[in-house]
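Only one structure is covered here, and it is reproduced in the block below.
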Amino acid sequence: MARLLSLNVGMPADVPWQGRTVHTGIFKYPVEGSRTARRLNVDGDGQGDLGGHGGEQRAVLVYQRQSYDYWRDELGRNDLEYGNFGENFTVDGLLDDEVHIGDRYRIGDAEFEVSQPRVTCFRVGLRLNAPEMPSLLVARHRPGFYLRVVKEGEVRAGDEITRTVVGRHEMNVADIDALLYLPKRDVAQLRKAVDIPALSPGWRASFQDLLTPRTEPVVEGWPGFRPLRVTRIVPESSTIASIHLSTPDSSVLPTPQPGQFLTLRAAAQVRSYSLSAVSDTGYRISVKRDGAVSTYLHTKLSVGDTLDVASPRGEFTLQDNDSPVVLLSAGVGVTPVLAMLRALADTKRELWWLNTTRSAREHAFRTEAHDLLGDLEAAHEHVYYTAEGNRLNRDALAKLSLPVNASAYMCGPAGFMDDMTAALRDLGITDVHSELFGALPAINPGIVDAVPTTPHQPGGPVGTGPRITFARSGLTVPWRPDFDNLLELAEACDVPTRWACRTGVCHTCVTPLLSGEVQYQPDPLEPPAAGATLVCCARPADDLVLDL
C-alpha cells in the first residue's frame, strides 16, 4: 500500500541567486498534523511563479521516497531531506513509471487526480545547488507529478493512498514527460496523449502542436551570410531610402514570406531590415536614417557595392486564409506590411490599409500603396498625418467598423503596437500579429526587481575568443572562457534573454543562429532545429551571429 510519508509546505520568498533575486516557493518543509488540500493548493503553501506552477491543474506536487534514494546514490548526497525537491507530498510508492495520467487517489479525506508531470525549471536546481537537475530529472525518467484536487479534504503524514480510478490509455508519468521533452516521438502515443481528458490543457496543447503539421511554406535560405549586390538606391521619403539587392550573377533567390526581414553586415555592425518587396531575382529593403548603420547605408553605399546578407527570416508573416485583413503601420513600420499588401495583389479578401506618419513629406510609398489598393475590389485606405492632428488611435479604429473576424498585422514603434493591440482587442479583434525589431521581451521566470538596461560590453577583462554578435541588440562581444554558456554572456551584457530550465530541456531559450557553429555542454536532451541554438548550454566554436 502506498503511503504519504511527509506533508511539506512553504510560502514564496525572495532568495538570492547568481547576483539576482528570485521569487520562489521551491523551499518546502515538513509540517506536523493535518492540512486541508484545497482546489489551488495545500493550506500554508504557495507558489512564486503562477505561470508555471500552482493553480487548479498543479495544486499539489508529488515526489517519491524511492527517487530520493536514487538521487542520494547518484549524486553522492547524504543531505537530501523530504521537501527538498519542492514537493508537497513525499510518498512511498506511486513511481513515475507506474502512475498514469488520470489516475485518481484517495488520501485522507481528499481525492486527487494526476494531471501532468513536473514542470522542468531552474528552481529545483537552485534549491539543491545542482544546476543540472532539470535535465537529469527528465533524462532519468524521475520528474515527479502534479495532482488536481477533485475533492477537498484533510490530509496528514501517515495516510494510506488508495487508487480509485485508472486513467484513460494508462500512459504513465515518465512516458508522458519523455513524449514532450525527448526526441523520437511516437505519433500513436501523441494521439493517445491528447485523448486523455485529465491531462492538463497546457500539456495537451503542446502535444497537439507536435501533431499539427506546418501549413506555412518554409523558405529554403542559405547558411550564414552571402554577398548580394546593390542594384538600385531609391529615396522613398525625406528619411527613408530603399536598397535593391540581387545576387552578383543574377541567379535566383529564395522567395521569402511576406513580412520577413533580412539581416546584413554594414559598417562593421549587424542590423535587420524588413523586406518591402521581393522577386525571384532581387530583394528590396527600406531603411530609415536614424543611426550609424542606417546613415552609412544612406550616405556611403553605392550601386555596385556588395553587402553580406543572411537569408530571409522572421515569424511575422501573412497567413493564408480567407479572413478580412487589417494592415496597420507607423513610420518605417510600413515596410513589412507593404510586402504583405503586394502579396495580396489578387486577393478577394476585404482589406483595410491604415498608415500613420508625421507628414506628407515623410510619407514613404504613398503612391505605390495607393496604386496597389486601387487595383483591389474591397480595399479601404486611411492615412493619418500626426503633424496635422490626425492620429490612429482607438477612436479612429472604432469609426471604421472593422469586422471582428479580421486578421490584423502591424509594425511600428513599440508604444504604437501596444496601443493598437489593446484597441483592436477592445473592439473584438483578437487575431493580432506584430513585428518587433528590437530585443524580444525577456522571459526570466521568478526574477524580481530586474531593471531594463541598454546592452553593453561585459565587465571584466576583454575576451580573446570568437566574436559573438547579438543582432537585435546591436552588440558584438569577444568570447571569454569564464562564461559557461552563451546565455551567461548575454546576461552579463544585459541583452534581454529567454529561459526557464537553463539545462537544454525546455527550449525556451531557442535562438536563431544566423551564422557560426556552437558546441554543447551539456548536450541538450533534444537538439534544436537547424539554424537555431539553445543558448543555455551552447558555447561558440567560431564567430557567431545570434538573433538576440
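So you can find residues: chains in the C-alpha cells are A, B, ... in the order shown, residues in each start at 1, and ligands are numbered from 1 in order.
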Report the closest atom pair, with its distance in Å rounded to one decimal, for each residue of stretch 458-532 of chain A that has an atom no farther than 8 Å from stretch 129-140 of chain A; count only C-alpha atoms, sort by chain and then rising residue number, and write it as a tab-separated table.
```
residue	atom	partner	partner_atom	distance
A:Cys501	CA	A:Pro134	CA	6.1
A:Arg502	CA	A:Pro131	CA	7.8
A:Thr503	CA	A:Ser135	CA	5.7
A:Gly504	CA	A:Ser135	CA	6.9
A:Val505	CA	A:Ser135	CA	5.8
A:Leu525	CA	A:Ala139	CA	7.3
```
Using N, CA and C atoms, can you export the residues from the last selection as a CSV table (one decimal), in the first residue's frame?
```csv
chain,number,residue,atom,x,y,z
A,501,CYS,N,14.6,26.4,-18.0
A,501,CYS,CA,15.3,25.3,-17.3
A,501,CYS,C,16.8,25.5,-17.2
A,502,ARG,N,17.4,26.2,-18.1
A,502,ARG,CA,18.8,26.6,-18.2
A,502,ARG,C,19.7,25.3,-18.3
A,503,THR,N,19.1,24.2,-18.8
A,503,THR,CA,19.9,23.0,-18.9
A,503,THR,C,19.6,22.2,-20.2
A,504,GLY,N,19.0,22.9,-21.2
A,504,GLY,CA,18.7,22.3,-22.5
A,504,GLY,C,17.5,21.3,-22.6
A,505,VAL,N,16.5,21.6,-21.7
A,505,VAL,CA,15.3,20.7,-21.7
A,505,VAL,C,14.2,21.4,-22.4
A,525,LEU,N,18.8,17.6,-24.3
A,525,LEU,CA,18.1,16.3,-24.4
A,525,LEU,C,17.5,16.1,-25.8
```
Residues within 12 Å of A:Ala387, please, as a JSON list (two decimals) with C-alpha atoms, in the first residue's frame. Count only C-alpha atoms; anything in the same chain fewer than 6 positions from it doesn't count.
```json
[["chain", "number", "residue", "atom", "x", "y", "z"],
["A", 356, "THR", "CA", 0.26, 56.83, -39.96],
["A", 357, "THR", "CA", 3.30, 59.05, -40.29],
["A", 358, "ARG", "CA", 4.30, 62.55, -39.28],
["A", 359, "SER", "CA", 3.60, 64.40, -42.53],
["A", 360, "ALA", "CA", 3.22, 64.04, -46.29],
["A", 361, "ARG", "CA", 6.94, 64.80, -46.67],
["A", 362, "GLU", "CA", 7.79, 61.77, -44.52],
["A", 363, "HIS", "CA", 5.12, 59.54, -46.07]]
```
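The two atoms in question, atom CA of A:Val166 and atom CA of A:Pro183, are spaced 27.3 Å apart.
Of the residues listed (A:Leu436, A:Ile176, A:Val325, A:Met11), A:Val325 shows the shortest atom-to-atom separation from A:Leu351; distances use only C-alpha atoms.
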